[in-house]
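A short write-up of the structure that comes next.
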Amino acid sequence: MTEDRAHETIDLYTSPGCPDCAALKEWLSKEGHAFVEHDLSAPGAADRAKAQLGVRIAPITVVQGTVMYGPAATQIPRLRRLLGSSEAGP
């Protein structure tokens with residue numbers, strides 16, 4: 001992990017059984033990006049996400065103050081640009 005990556009804060013809001021959540025976790029790990037996972041199925045978690053981020057459906061990814069949500073296939077290209085990751089597919 002480069003020094004720049006060590007200073008990144010990535011929050012990933014997920015829910016159990018969500019295939020897009022699993023794809024994002026796999027991609028972030030493969031690219032060497034550490035992230036903090038938040039389980040939206042925990043009591044009150046979805047409501048807190050809605051209040052703080054404006055959305056409560058998984059997956060939600062927050063990087064450098066940028067909030068992304070929607071399918072992994074939509075988020076990964078944006079994450080590549082934000083994080084300077086490789087161009088390899090998800």
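Chain labels run A, B, ... following the order of the structure tokens; each chain numbers its residues from 1, and ligands are numbered from 1 in the order shown.
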
Exercise for the section: Using only C-alpha atoms, determine which residues lie at most 12 Å from region 62-67 of chain A, disregarding the query and same-chain residues fewer than 4 positions distant; provide the list as a PyMOL selection string. Expected result: chain A and resi 5+7-14+28+33-38+49-50+52-56+58+75+78-83

Restricting the output to N, CA and C atoms, write the selected residues as a PDB file, in the first residue's frame.
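What landed in part-v3.pdb:
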ATOM      1  N   ARG A   5      -2.351   5.883  -0.204  1.00  0.00           N
ATOM      2  CA  ARG A   5      -3.456   4.983   0.128  1.00  0.00           C
ATOM      3  C   ARG A   5      -3.621   4.819   1.624  1.00  0.00           C
ATOM      4  N   HIS A   7      -3.592   7.018   3.781  1.00  0.00           N
ATOM      5  CA  HIS A   7      -4.337   8.135   4.339  1.00  0.00           C
ATOM      6  C   HIS A   7      -5.781   8.189   3.856  1.00  0.00           C
ATOM      7  N   GLU A   8      -6.162   7.300   2.965  1.00  0.00           N
ATOM      8  CA  GLU A   8      -7.532   7.274   2.469  1.00  0.00           C
ATOM      9  C   GLU A   8      -8.468   6.739   3.539  1.00  0.00           C
ATOM     10  N   THR A   9      -9.648   7.305   3.578  1.00  0.00           N
ATOM     11  CA  THR A   9     -10.696   6.755   4.412  1.00  0.00           C
ATOM     12  C   THR A   9     -11.811   6.315   3.478  1.00  0.00           C
ATOM     13  N   ILE A  10     -12.083   5.038   3.475  1.00  0.00           N
ATOM     14  CA  ILE A  10     -13.144   4.481   2.644  1.00  0.00           C
ATOM     15  C   ILE A  10     -14.144   3.812   3.580  1.00  0.00           C
ATOM     16  N   ASP A  11     -15.376   4.276   3.506  1.00  0.00           N
ATOM     17  CA  ASP A  11     -16.454   3.662   4.267  1.00  0.00           C
ATOM     18  C   ASP A  11     -17.366   2.964   3.278  1.00  0.00           C
ATOM     19  N   LEU A  12     -17.651   1.712   3.548  1.00  0.00           N
ATOM     20  CA  LEU A  12     -18.503   0.910   2.671  1.00  0.00           C
ATOM     21  C   LEU A  12     -19.698   0.417   3.479  1.00  0.00           C
ATOM     22  N   TYR A  13     -20.877   0.845   3.081  1.00  0.00           N
ATOM     23  CA  TYR A  13     -22.119   0.466   3.746  1.00  0.00           C
ATOM     24  C   TYR A  13     -22.721  -0.688   2.962  1.00  0.00           C
ATOM     25  N   THR A  14     -22.926  -1.810   3.636  1.00  0.00           N
ATOM     26  CA  THR A  14     -23.343  -3.044   2.977  1.00  0.00           C
ATOM     27  C   THR A  14     -24.545  -3.652   3.672  1.00  0.00           C
ATOM     28  N   LEU A  28     -12.190  -3.702  -3.833  1.00  0.00           N
ATOM     29  CA  LEU A  28     -11.371  -2.856  -2.961  1.00  0.00           C
ATOM     30  C   LEU A  28     -10.216  -3.651  -2.365  1.00  0.00           C
ATOM     31  N   HIS A  33      -7.026  -1.530  -1.162  1.00  0.00           N
ATOM     32  CA  HIS A  33      -7.616  -0.408  -0.439  1.00  0.00           C
ATOM     33  C   HIS A  33      -8.284  -0.913   0.831  1.00  0.00           C
ATOM     34  N   ALA A  34      -7.829  -0.407   1.961  1.00  0.00           N
ATOM     35  CA  ALA A  34      -8.480  -0.737   3.221  1.00  0.00           C
ATOM     36  C   ALA A  34      -9.799   0.021   3.302  1.00  0.00           C
ATOM     37  N   PHE A  35     -10.783  -0.587   3.929  1.00  0.00           N
ATOM     38  CA  PHE A  35     -12.074   0.074   4.073  1.00  0.00           C
ATOM     39  C   PHE A  35     -12.702  -0.337   5.387  1.00  0.00           C
ATOM     40  N   VAL A  36     -13.615   0.505   5.848  1.00  0.00           N
ATOM     41  CA  VAL A  36     -14.396   0.207   7.047  1.00  0.00           C
ATOM     42  C   VAL A  36     -15.785  -0.167   6.568  1.00  0.00           C
ATOM     43  N   GLU A  37     -16.223  -1.362   6.946  1.00  0.00           N
ATOM     44  CA  GLU A  37     -17.535  -1.844   6.527  1.00  0.00           C
ATOM     45  C   GLU A  37     -18.568  -1.539   7.597  1.00  0.00           C
ATOM     46  N   HIS A  38     -19.723  -1.020   7.151  1.00  0.00           N
ATOM     47  CA  HIS A  38     -20.845  -0.709   8.029  1.00  0.00           C
ATOM     48  C   HIS A  38     -22.039  -1.545   7.553  1.00  0.00           C
ATOM     49  N   ALA A  49     -27.608   6.164   8.074  1.00  0.00           N
ATOM     50  CA  ALA A  49     -27.028   6.399   6.749  1.00  0.00           C
ATOM     51  C   ALA A  49     -27.877   7.397   5.977  1.00  0.00           C
ATOM     52  N   LYS A  50     -29.183   7.256   6.045  1.00  0.00           N
ATOM     53  CA  LYS A  50     -30.088   8.176   5.355  1.00  0.00           C
ATOM     54  C   LYS A  50     -29.901   9.600   5.885  1.00  0.00           C
ATOM     55  N   GLN A  52     -27.237  10.884   7.438  1.00  0.00           N
ATOM     56  CA  GLN A  52     -25.888  11.405   7.204  1.00  0.00           C
ATOM     57  C   GLN A  52     -25.526  11.514   5.737  1.00  0.00           C
ATOM     58  N   LEU A  53     -26.006  10.566   4.920  1.00  0.00           N
ATOM     59  CA  LEU A  53     -25.541  10.464   3.538  1.00  0.00           C
ATOM     60  C   LEU A  53     -26.625  10.731   2.501  1.00  0.00           C
ATOM     61  N   GLY A  54     -27.879  10.741   2.936  1.00  0.00           N
ATOM     62  CA  GLY A  54     -28.980  10.988   2.019  1.00  0.00           C
ATOM     63  C   GLY A  54     -29.488   9.764   1.295  1.00  0.00           C
ATOM     64  N   VAL A  55     -28.965   8.610   1.623  1.00  0.00           N
ATOM     65  CA  VAL A  55     -29.378   7.358   0.987  1.00  0.00           C
ATOM     66  C   VAL A  55     -29.215   6.240   2.002  1.00  0.00           C
ATOM     67  N   ARG A  56     -29.993   5.190   1.841  1.00  0.00           N
ATOM     68  CA  ARG A  56     -29.868   4.085   2.796  1.00  0.00           C
ATOM     69  C   ARG A  56     -29.940   2.717   2.149  1.00  0.00           C
ATOM     70  N   ALA A  58     -27.983  -0.281   0.094  1.00  0.00           N
ATOM     71  CA  ALA A  58     -26.622  -0.778  -0.126  1.00  0.00           C
ATOM     72  C   ALA A  58     -26.393  -1.121  -1.596  1.00  0.00           C
ATOM     73  N   GLN A  75     -20.154   2.002  -9.646  1.00  0.00           N
ATOM     74  CA  GLN A  75     -19.259   2.616  -8.669  1.00  0.00           C
ATOM     75  C   GLN A  75     -17.781   2.386  -8.982  1.00  0.00           C
ATOM     76  N   ARG A  78     -15.870   4.993 -11.074  1.00  0.00           N
ATOM     77  CA  ARG A  78     -15.682   6.226 -10.294  1.00  0.00           C
ATOM     78  C   ARG A  78     -14.608   6.030  -9.238  1.00  0.00           C
ATOM     79  N   LEU A  79     -14.600   4.865  -8.595  1.00  0.00           N
ATOM     80  CA  LEU A  79     -13.569   4.575  -7.590  1.00  0.00           C
ATOM     81  C   LEU A  79     -12.191   4.535  -8.219  1.00  0.00           C
ATOM     82  N   ARG A  80     -12.086   3.977  -9.415  1.00  0.00           N
ATOM     83  CA  ARG A  80     -10.788   3.960 -10.109  1.00  0.00           C
ATOM     84  C   ARG A  80     -10.243   5.378 -10.268  1.00  0.00           C
ATOM     85  N   ARG A  81     -11.113   6.281 -10.689  1.00  0.00           N
ATOM     86  CA  ARG A  81     -10.678   7.673 -10.880  1.00  0.00           C
ATOM     87  C   ARG A  81     -10.286   8.319  -9.549  1.00  0.00           C
ATOM     88  N   LEU A  82     -11.101   8.131  -8.536  1.00  0.00           N
ATOM     89  CA  LEU A  82     -10.831   8.741  -7.222  1.00  0.00           C
ATOM     90  C   LEU A  82      -9.587   8.171  -6.557  1.00  0.00           C
ATOM     91  N   LEU A  83      -9.400   6.868  -6.697  1.00  0.00           N
ATOM     92  CA  LEU A  83      -8.336   6.184  -5.968  1.00  0.00           C
ATOM     93  C   LEU A  83      -7.090   5.915  -6.799  1.00  0.00           C
TER      94      LEU A  83
END

Practice task
Could you tell me, as number ranges by chain, which residues of chain A DSSP assigns to alpha helix (DSSP H) when given the backbone?
Solution key: A: 3-6, 19-30, 45-53, 72-83

I want to know what sits within 8 Å of Asp20 (chain A), based on only C-alpha atoms, with residues of the same chain fewer than 3 positions away left out; could you give that as a CSV table (one decimal) with C-alpha atoms, in the first residue's frame?
chain,number,residue,atom,x,y,z
A,23,ALA,CA,-18.3,-7.2,-5.6
A,24,LEU,CA,-17.2,-3.9,-4.1
A,59,PRO,CA,-24.0,-0.5,-1.3
A,71,PRO,CA,-24.4,-1.2,-8.6
A,72,ALA,CA,-20.8,-2.1,-8.3

Completion exercise
A straight line from CA of Met68 (chain A) to CA of Pro19 (chain A) spans 16.3 Å

Exercise for the section: May I ask for the distance between CA of Ala73 (chain A) and CA of Glu31 (chain A), given in Å to one decimal place? Expected result: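 Spanning CA of Ala73 (chain A) to CA of Glu31 (chain A) is a straight-line distance of 15.3 Å.
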